[in-house]
$ cat final_2.cif   # mmCIF, C-alpha atoms
data_entry
#
loop_
_atom_site.label_atom_id
_atom_site.label_comp_id
_atom_site.auth_asym_id
_atom_site.auth_seq_id
_atom_site.Cartn_x
_atom_site.Cartn_y
_atom_site.Cartn_z
CA MET A 128 44.89 -144.10 90.53
CA ARG A 129 45.57 -143.65 86.83
CA TYR A 130 47.91 -145.73 84.67
CA ILE A 131 51.55 -144.83 83.98
CA ALA A 132 52.60 -144.59 80.32
CA ALA A 133 56.09 -144.03 78.94
CA ILE A 134 55.88 -141.12 76.51
CA GLY A 135 58.77 -138.80 75.65
CA PHE A 136 60.06 -138.15 79.14
CA PHE A 137 59.31 -141.10 81.39
CA GLY A 138 55.65 -140.94 82.04
CA VAL A 139 52.32 -139.33 81.63
CA LEU A 140 49.43 -140.16 83.84
CA ILE A 141 46.82 -140.81 81.19
CA GLY A 142 44.28 -138.03 81.13
CA SER A 143 46.64 -135.91 83.23
CA THR A 144 49.56 -133.57 82.69
CA PHE A 145 53.02 -133.27 84.16
CA ALA A 146 56.06 -131.09 83.74
CA ALA A 147 59.68 -132.08 84.14
CA ASP A 148 63.13 -130.81 83.24
CA MET A 149 63.92 -133.14 80.35
CA THR A 150 64.79 -132.64 76.70
CA PRO A 151 63.74 -135.75 74.71
CA ASP A 152 66.71 -135.66 72.30
CA ARG A 153 69.35 -135.14 75.01
CA PRO A 154 71.40 -138.30 75.68
CA SER A 155 70.67 -139.57 79.17
CA ARG A 156 73.34 -139.66 81.85
CA ARG A 157 74.31 -142.79 83.75
CA GLU A 158 72.11 -141.57 86.64
CA GLU A 159 69.51 -138.83 86.69
CA SER A 160 66.97 -137.51 89.15
CA GLY A 161 64.43 -134.73 89.27
CA ARG A 162 60.87 -133.81 90.16
CA VAL A 163 57.59 -134.27 88.29
CA LYS A 164 54.49 -132.10 88.68
CA PHE A 165 51.26 -134.09 88.46
CA VAL A 166 47.97 -132.30 87.69
CA PRO A 167 44.81 -134.43 87.33
CA ALA A 168 42.81 -133.81 84.18
CA PRO A 169 39.07 -133.20 84.39
CA GLY A 170 36.88 -136.07 83.31
CA ASP A 171 34.29 -138.61 84.28
CA ILE A 172 36.42 -140.56 86.76
CA PRO A 173 35.23 -141.84 90.14
CA ASP A 174 36.53 -139.72 93.02
CA TYR A 175 38.33 -142.65 94.66
CA HIS A 176 40.58 -142.97 91.54
CA ILE A 177 41.58 -139.31 91.32
CA LEU A 178 44.88 -138.21 92.81
CA GLU A 179 45.39 -134.69 94.11
CA ALA A 180 47.83 -132.40 92.28
CA HIS A 181 51.31 -132.94 93.69
CA GLU A 182 55.03 -133.12 92.94
CA PHE A 183 57.19 -136.18 93.39
CA PRO A 184 60.86 -137.09 92.88
CA TYR A 185 62.06 -139.66 90.37
CA SER A 186 65.33 -141.47 89.78
CA LEU A 187 66.63 -142.99 86.53
CA LYS A 188 69.65 -145.32 86.23
CA ARG A 189 70.94 -146.46 82.85
CA ARG A 190 70.72 -150.22 82.36
CA ARG A 191 71.80 -150.59 78.72
CA GLU A 192 71.73 -149.01 75.26
CA LEU A 193 69.97 -150.50 72.24
CA PRO A 194 71.92 -148.60 69.54
CA VAL A 195 70.24 -150.18 66.52
CA SER A 196 66.82 -149.21 67.89
CA GLY A 197 67.97 -145.80 69.13
CA ILE A 198 66.71 -146.57 72.64
CA ALA A 199 68.23 -146.42 76.12
CA VAL A 200 66.81 -148.81 78.72
CA GLU A 201 66.72 -147.27 82.20
CA ASP A 202 65.50 -148.28 85.65
CA LEU A 203 62.92 -145.79 86.89
CA THR A 204 61.81 -145.43 90.52
CA PHE A 205 59.49 -142.98 92.22
CA PRO A 206 57.41 -142.96 95.42
CA SER A 207 53.99 -144.53 95.16
CA PRO A 208 51.17 -142.01 95.59
CA VAL A 209 49.40 -144.70 97.63
CA VAL A 210 51.24 -145.34 100.89
CA SER A 211 50.91 -148.76 102.49
CA PRO A 212 52.14 -150.10 105.84
CA TYR A 213 54.73 -152.16 103.86
CA PRO A 214 57.78 -150.04 102.96
CA GLU A 215 58.69 -152.22 99.95
CA ASN A 216 55.29 -151.38 98.39
CA ASN A 217 55.80 -147.64 98.71
CA THR A 218 58.18 -147.34 95.75
CA VAL A 219 57.17 -147.83 92.12
CA TYR A 220 59.76 -149.71 90.03
CA ALA A 221 59.64 -149.57 86.24
CA GLU A 222 61.73 -150.04 83.12
CA PHE A 223 61.79 -146.98 80.90
CA TYR A 224 62.66 -147.36 77.22
CA ARG A 225 63.81 -143.84 76.29
CA PRO A 226 63.79 -143.16 72.53
CA ARG A 227 66.33 -140.78 71.01
CA GLY A 228 65.22 -137.82 68.92
CA ARG A 229 62.26 -135.48 69.02
CA GLY A 230 58.83 -136.81 70.01
CA PRO A 231 56.06 -137.29 70.44
CA PHE A 232 56.51 -141.04 70.55
CA PRO A 233 53.91 -143.80 70.89
CA ALA A 234 53.79 -145.58 74.24
CA VAL A 235 53.05 -149.04 75.56
CA ILE A 236 52.09 -149.85 79.13
CA VAL A 237 53.00 -153.33 80.34
CA LEU A 238 51.78 -154.24 83.81
CA ASP A 239 53.39 -157.17 85.61
CA ILE A 240 50.59 -159.40 86.90
CA LEU A 241 52.62 -161.82 89.00
CA ASP A 242 55.37 -161.55 91.59
CA GLY A 243 57.54 -158.86 90.00
CA SER A 244 59.60 -161.36 87.99
CA GLU A 245 58.10 -159.98 84.74
CA ALA A 246 57.91 -163.54 83.41
CA VAL A 247 54.61 -162.90 81.63
CA SER A 248 55.42 -159.39 80.36
CA TYR A 249 58.68 -160.59 78.75
CA THR A 250 57.13 -163.62 77.08
CA HIS A 251 57.03 -163.27 73.29
#
$ encode --input "final_2.cif" --output "structure tokens"
Amino acid sequence: MRYIAAIGFFGVLIGSTFAADMTPDRPSRREESGRVKFVPAPGDIPDYHILEAHEFPYSLKRRRELPVSGIAVEDLTFPSPVVSPYPENNTVYAEFYRPRGRGPFPAVIVLDILDGSEAVSYTH
């Protein structure tokens, strides 16, 4: 599996491409959903890490606005491409910091390494 990065829309699988119905400078609604097309990019990646091309649904829910920064913070969920026997593990949960204006924008990936409390990722 490749890493998720927040760029412009809500994510790009690094080294891959996607398409979604989203205009970066359009203010986000309170709730939004849609579909993303994932296409793996060619490269020197072990076969067991490469996902097949597929589409998946996503859901965004506004959490708060950061008006001074020009950013909306939203809760993002989408089905995990890796299905486990544990239903709670089959959904990916993320925070998406959506910048206003035209991109491209730089991105940061922060992976929670503990129990989902994000205690380490929020430490300054």
$ residues_near_point --input "final_2.cif" --point "(66.9, -146.9, 86.8)" --cutoff "7 Å" --atoms "all atoms listed in the file" --output "MDAnalysis selection string"
chainID A and resid 186:190 201:204
$ atom_distance --input "final_2.cif" --atom1 "CA of Val219 (chain A)" --atom2 "CA of Gly161 (chain A)"
15.2 Å
$ closest_residue --input "final_2.cif" --among "A:Thr218, A:Ser211, A:Ser244, A:Ser160" --to "Pro184 (chain A)" --atoms "all atoms listed in the file"
A:Ser160
$ resolve_selection --input "final_2.cif" --expression "the PyMOL selection byres ((chain A and resi 183) around 9)" --output "list in words"
Gly161, Arg162, Val163, Lys164, Phe165, His181, Glu182, Pro184, Tyr185, Phe205, Pro206 and Pro208 of chain A
$ atom_distance --input "final_2.cif" --atom1 "CA of Ser196 (chain A)" --atom2 "CA of Ala234 (chain A)"
14.9 Å
$ resolve_selection --input "final_2.cif" --expression "the PyMOL selection byres ((chain A and resi 199) around 6)" --output "PDB file with C-alpha atoms, in the coordinates of the input"
ATOM      1  CA  GLU A 192      71.730-149.010  75.260  1.00  0.00           C
ATOM      2  CA  LEU A 193      69.970-150.500  72.240  1.00  0.00           C
ATOM      3  CA  ILE A 198      66.710-146.570  72.640  1.00  0.00           C
ATOM      4  CA  VAL A 200      66.810-148.810  78.720  1.00  0.00           C
ATOM      5  CA  TYR A 224      62.660-147.360  77.220  1.00  0.00           C
ATOM      6  CA  ARG A 225      63.810-143.840  76.290  1.00  0.00           C
TER       7      ARG A 225
END
$ atom_distance --input "final_2.cif" --atom1 "CA of Val166 (chain A)" --atom2 "CA of Glu179 (chain A)"
7.3 Å
$ resolve_selection --input "final_2.cif" --expression "the PyMOL selection byres ((chain A and resi 238) around 12)" --output "PyMOL selection string"
chain A and resi 130-132+219-222+235-237+239-249
